[in-house]
Amino acid sequence: MSLLFDLPPPPAVPLLGEDARFPVHRVFCVGRNYEAHAREMGDTSVRETPIWFTKAPSAVCLAGGVIPYPPGTANCHYEMELVVAIGAPGFRVSADEAPALVLGYACGLDLTRRDLQNAAKAKGYPWDTGKDFENGAVIGPITRVSAFGAVDAQKIALRQNGAVKQEAQLSDMIWNVGELIADLSTLYHLIPGDLIYTGTPAGVGPFVTGDVLEGEIEELAAIKVEIGAS
């Protein structure tokens, strides 16, 4: 049997200081995982079941270059996030068992076509097109757990054209990494190659063509992207 055509290979994320790369299987994202961000989005409820959505692996984009302004939107937002790279299989694990599944961490940007998302929400429709699109999951090099250590009070921040727009600590997350993995593992059989975007702090906002977005998390490789023409 032959295939009618070849598909692009899956995206692969570099590991800091190594030749090896992390092939991406799936991309899971959690919404409203910082209280201040939940409130700025109009959600006054806190510490309920995590809100999950997915992005196709084709949305993954390596940081460090120029990406086009996304099509079909006039209000695209940046959302700076800690990304968890899964390196071992797990199903229905506890929060205490979850760290054993983690290969490493990276800086990431969850880009959101906010106008499309809001329009879909208003009608009660799914908001996939607001979240899942080409270059909508920016990621930097992965740092192994052994080099990063435990997720604690590390600073997370984003600058837009040099101005700080988002700033918090990873300890501000409503659901910590272990709890997120445990919850997700009740819904999916997690396997190596899965990525988890863990939510964004307050301060999300729009970007335009020509903007430079720079994100950082203490002890991880920082990321930078420039927004080009559509």
# chains A, B, ... in the order shown; residues from 1 in each chain; ligands from 1
>>> select_by_dssp(residues="region 4-225 of chain A", states="alpha helix (DSSP H)", output="NGL selection string")
:A and (35-40 or 114-122 or 128-131 or 145-148 or 177-184)
>>> residues_around(residues="Phe133 (chain A)", least_positions_apart="6", cutoff="12 Å", atoms="only C-alpha atoms", output="number ranges by chain")
A: 54-61, 68-73, 76, 110-113, 116, 127
>>> write_last_selection(atoms="N, CA and C atoms", output="PDB file, in the first residue's frame")
ATOM      1  N   THR A  54      -7.284  21.974  23.237  1.00  0.00           N
ATOM      2  CA  THR A  54      -6.130  21.407  22.539  1.00  0.00           C
ATOM      3  C   THR A  54      -5.741  22.264  21.337  1.00  0.00           C
ATOM      4  N   LYS A  55      -4.511  22.090  20.923  1.00  0.00           N
ATOM      5  CA  LYS A  55      -4.025  22.667  19.674  1.00  0.00           C
ATOM      6  C   LYS A  55      -3.383  21.537  18.877  1.00  0.00           C
ATOM      7  N   ALA A  56      -3.500  21.608  17.571  1.00  0.00           N
ATOM      8  CA  ALA A  56      -2.856  20.606  16.727  1.00  0.00           C
ATOM      9  C   ALA A  56      -1.335  20.763  16.800  1.00  0.00           C
ATOM     10  N   PRO A  57      -0.594  19.668  16.655  1.00  0.00           N
ATOM     11  CA  PRO A  57       0.865  19.797  16.625  1.00  0.00           C
ATOM     12  C   PRO A  57       1.352  20.788  15.568  1.00  0.00           C
ATOM     13  N   SER A  58       0.587  20.947  14.493  1.00  0.00           N
ATOM     14  CA  SER A  58       0.977  21.895  13.441  1.00  0.00           C
ATOM     15  C   SER A  58       0.947  23.345  13.913  1.00  0.00           C
ATOM     16  N   ALA A  59       0.350  23.609  15.085  1.00  0.00           N
ATOM     17  CA  ALA A  59       0.354  24.960  15.648  1.00  0.00           C
ATOM     18  C   ALA A  59       1.682  25.306  16.311  1.00  0.00           C
ATOM     19  N   VAL A  60       2.497  24.277  16.587  1.00  0.00           N
ATOM     20  CA  VAL A  60       3.760  24.505  17.301  1.00  0.00           C
ATOM     21  C   VAL A  60       4.734  25.275  16.431  1.00  0.00           C
ATOM     22  N   CYS A  61       5.344  26.278  17.023  1.00  0.00           N
ATOM     23  CA  CYS A  61       6.287  27.150  16.319  1.00  0.00           C
ATOM     24  C   CYS A  61       7.474  27.405  17.231  1.00  0.00           C
ATOM     25  N   PRO A  68       4.199  35.308  10.927  1.00  0.00           N
ATOM     26  CA  PRO A  68       3.216  36.220  10.338  1.00  0.00           C
ATOM     27  C   PRO A  68       2.067  36.493  11.304  1.00  0.00           C
ATOM     28  N   TYR A  69       1.499  37.684  11.196  1.00  0.00           N
ATOM     29  CA  TYR A  69       0.303  37.974  11.978  1.00  0.00           C
ATOM     30  C   TYR A  69      -0.777  36.982  11.549  1.00  0.00           C
ATOM     31  N   PRO A  70      -1.475  36.342  12.500  1.00  0.00           N
ATOM     32  CA  PRO A  70      -2.423  35.287  12.149  1.00  0.00           C
ATOM     33  C   PRO A  70      -3.547  35.780  11.249  1.00  0.00           C
ATOM     34  N   PRO A  71      -4.005  34.950  10.335  1.00  0.00           N
ATOM     35  CA  PRO A  71      -5.097  35.339   9.437  1.00  0.00           C
ATOM     36  C   PRO A  71      -6.437  35.304  10.157  1.00  0.00           C
ATOM     37  N   GLY A  72      -7.412  36.022   9.601  1.00  0.00           N
ATOM     38  CA  GLY A  72      -8.782  35.925  10.078  1.00  0.00           C
ATOM     39  C   GLY A  72      -9.076  36.626  11.382  1.00  0.00           C
ATOM     40  N   THR A  73      -8.174  37.479  11.836  1.00  0.00           N
ATOM     41  CA  THR A  73      -8.366  38.147  13.118  1.00  0.00           C
ATOM     42  C   THR A  73      -7.865  39.585  13.056  1.00  0.00           C
ATOM     43  N   CYS A  76      -5.543  39.668  17.986  1.00  0.00           N
ATOM     44  CA  CYS A  76      -4.820  38.493  18.449  1.00  0.00           C
ATOM     45  C   CYS A  76      -4.010  38.848  19.695  1.00  0.00           C
ATOM     46  N   ASP A 110       0.961  31.048  24.179  1.00  0.00           N
ATOM     47  CA  ASP A 110      -0.316  30.590  23.639  1.00  0.00           C
ATOM     48  C   ASP A 110      -0.961  31.804  22.982  1.00  0.00           C
ATOM     49  N   LEU A 111      -0.927  31.865  21.658  1.00  0.00           N
ATOM     50  CA  LEU A 111      -1.536  32.987  20.936  1.00  0.00           C
ATOM     51  C   LEU A 111      -3.027  32.710  20.745  1.00  0.00           C
ATOM     52  N   THR A 112      -3.826  33.769  20.878  1.00  0.00           N
ATOM     53  CA  THR A 112      -5.282  33.611  20.869  1.00  0.00           C
ATOM     54  C   THR A 112      -5.939  34.645  19.970  1.00  0.00           C
ATOM     55  N   ARG A 113      -6.715  34.173  18.992  1.00  0.00           N
ATOM     56  CA  ARG A 113      -7.521  35.093  18.182  1.00  0.00           C
ATOM     57  C   ARG A 113      -8.761  35.448  19.018  1.00  0.00           C
ATOM     58  N   LEU A 116     -12.329  35.990  17.544  1.00  0.00           N
ATOM     59  CA  LEU A 116     -12.988  34.755  17.146  1.00  0.00           C
ATOM     60  C   LEU A 116     -13.435  33.953  18.371  1.00  0.00           C
ATOM     61  N   TRP A 127     -14.728  27.122  20.582  1.00  0.00           N
ATOM     62  CA  TRP A 127     -13.856  28.232  20.175  1.00  0.00           C
ATOM     63  C   TRP A 127     -12.496  27.743  19.686  1.00  0.00           C
TER      64      TRP A 127
END
>>> closest_residue(among="A:Ala150, A:Leu220, A:Met80, A:Val145", to="Lys165 (chain A)", atoms="only C-alpha atoms")
A:Met80
>>> closest_residue(among="A:Gln154, A:Asn33, A:Ser94, A:Asn75", to="Thr49 (chain A)", atoms="only C-alpha atoms")
A:Asn33
>>> closest_atom_pairs(of="region 120-159 of chain A", to="region 171-177 of chain A", cutoff="8 Å", atoms="only C-alpha atoms", output="Markdown table")
| residue | atom | partner | partner_atom | distance |
| --- | --- | --- | --- | --- |
| A:Val151 | CA | A:Ser171 | CA | 7.5 |
| A:Asp152 | CA | A:Ser171 | CA | 5.3 |
| A:Ala153 | CA | A:Ser171 | CA | 4.8 |
| A:Gln154 | CA | A:Ser171 | CA | 7.4 |
>>> write_last_selection(atoms="N, CA and C atoms", output="short mmCIF file (atom, residue, chain, number, x, y, z; two decimals), in the first residue's frame")
data_model
loop_
_atom_site.label_atom_id
_atom_site.label_comp_id
_atom_site.auth_asym_id
_atom_site.auth_seq_id
_atom_site.Cartn_x
_atom_site.Cartn_y
_atom_site.Cartn_z
N VAL A 151 9.06 23.15 40.19
CA VAL A 151 8.30 24.36 39.90
C VAL A 151 7.88 24.97 41.23
N ASP A 152 8.29 26.24 41.43
CA ASP A 152 8.02 26.88 42.72
C ASP A 152 7.61 28.33 42.49
N ALA A 153 8.42 29.25 42.94
CA ALA A 153 8.07 30.68 42.85
C ALA A 153 8.87 31.39 41.76
N GLN A 154 9.29 30.65 40.72
CA GLN A 154 10.05 31.28 39.64
C GLN A 154 9.21 32.38 38.97
#
>>> select_by_dssp(residues="region 20-137 of chain A", states="strand (DSSP E)", output="number ranges by chain")
A: 21-23, 26-31, 51-55, 60-62, 66-68, 76-78, 80-86, 102-110, 112-113, 137
>>> closest_residue(among="A:Asp194, A:Asp183, A:Glu48, A:Asp6", to="His25 (chain A)", atoms="only C-alpha atoms")
A:Asp194
>>> residues_around(residues="region 188-190 of chain A", least_positions_apart="6", cutoff="10 Å", atoms="only C-alpha atoms", output="list in words")
His25, Arg26, Ile86, Gly87, Ala88, Pro89, Gly90, Phe91, Arg92, Val93, Leu101 and Ile181 of chain A
>>> write_last_selection(atoms="N, CA and C atoms", output="PDB file, in the first residue's frame")
ATOM      1  N   HIS A  25       3.762  15.129  20.045  1.00  0.00           N
ATOM      2  CA  HIS A  25       2.639  14.237  19.741  1.00  0.00           C
ATOM      3  C   HIS A  25       1.313  14.980  19.817  1.00  0.00           C
ATOM      4  N   ARG A  26       1.053  15.640  20.974  1.00  0.00           N
ATOM      5  CA  ARG A  26      -0.174  16.411  21.176  1.00  0.00           C
ATOM      6  C   ARG A  26       0.129  17.660  21.981  1.00  0.00           C
ATOM      7  N   ILE A  86       6.082  16.106  28.497  1.00  0.00           N
ATOM      8  CA  ILE A  86       5.887  14.778  29.072  1.00  0.00           C
ATOM      9  C   ILE A  86       6.873  13.788  28.449  1.00  0.00           C
ATOM     10  N   GLY A  87       7.564  13.045  29.323  1.00  0.00           N
ATOM     11  CA  GLY A  87       8.581  12.123  28.840  1.00  0.00           C
ATOM     12  C   GLY A  87       8.368  10.676  29.223  1.00  0.00           C
ATOM     13  N   ALA A  88       7.244  10.385  29.916  1.00  0.00           N
ATOM     14  CA  ALA A  88       6.935   9.009  30.309  1.00  0.00           C
ATOM     15  C   ALA A  88       5.426   8.819  30.258  1.00  0.00           C
ATOM     16  N   PRO A  89       4.956   7.605  29.975  1.00  0.00           N
ATOM     17  CA  PRO A  89       3.510   7.376  29.887  1.00  0.00           C
ATOM     18  C   PRO A  89       2.848   7.404  31.252  1.00  0.00           C
ATOM     19  N   GLY A  90       1.576   7.805  31.270  1.00  0.00           N
ATOM     20  CA  GLY A  90       0.835   7.809  32.528  1.00  0.00           C
ATOM     21  C   GLY A  90      -0.656   7.895  32.290  1.00  0.00           C
ATOM     22  N   PHE A  91      -1.404   7.167  33.102  1.00  0.00           N
ATOM     23  CA  PHE A  91      -2.866   7.188  33.023  1.00  0.00           C
ATOM     24  C   PHE A  91      -3.411   7.098  34.433  1.00  0.00           C
ATOM     25  N   ARG A  92      -4.284   8.042  34.772  1.00  0.00           N
ATOM     26  CA  ARG A  92      -4.880   8.109  36.104  1.00  0.00           C
ATOM     27  C   ARG A  92      -3.829   8.118  37.201  1.00  0.00           C
ATOM     28  N   VAL A  93      -2.855   9.000  37.046  1.00  0.00           N
ATOM     29  CA  VAL A  93      -1.819   9.149  38.065  1.00  0.00           C
ATOM     30  C   VAL A  93      -2.282  10.148  39.112  1.00  0.00           C
ATOM     31  N   LEU A 101       6.403  11.873  35.365  1.00  0.00           N
ATOM     32  CA  LEU A 101       6.105  11.861  33.933  1.00  0.00           C
ATOM     33  C   LEU A 101       6.807  12.995  33.186  1.00  0.00           C
ATOM     34  N   ILE A 181      -1.394  17.604  35.635  1.00  0.00           N
ATOM     35  CA  ILE A 181      -1.092  16.323  34.988  1.00  0.00           C
ATOM     36  C   ILE A 181      -2.044  15.238  35.491  1.00  0.00           C
TER      37      ILE A 181
END
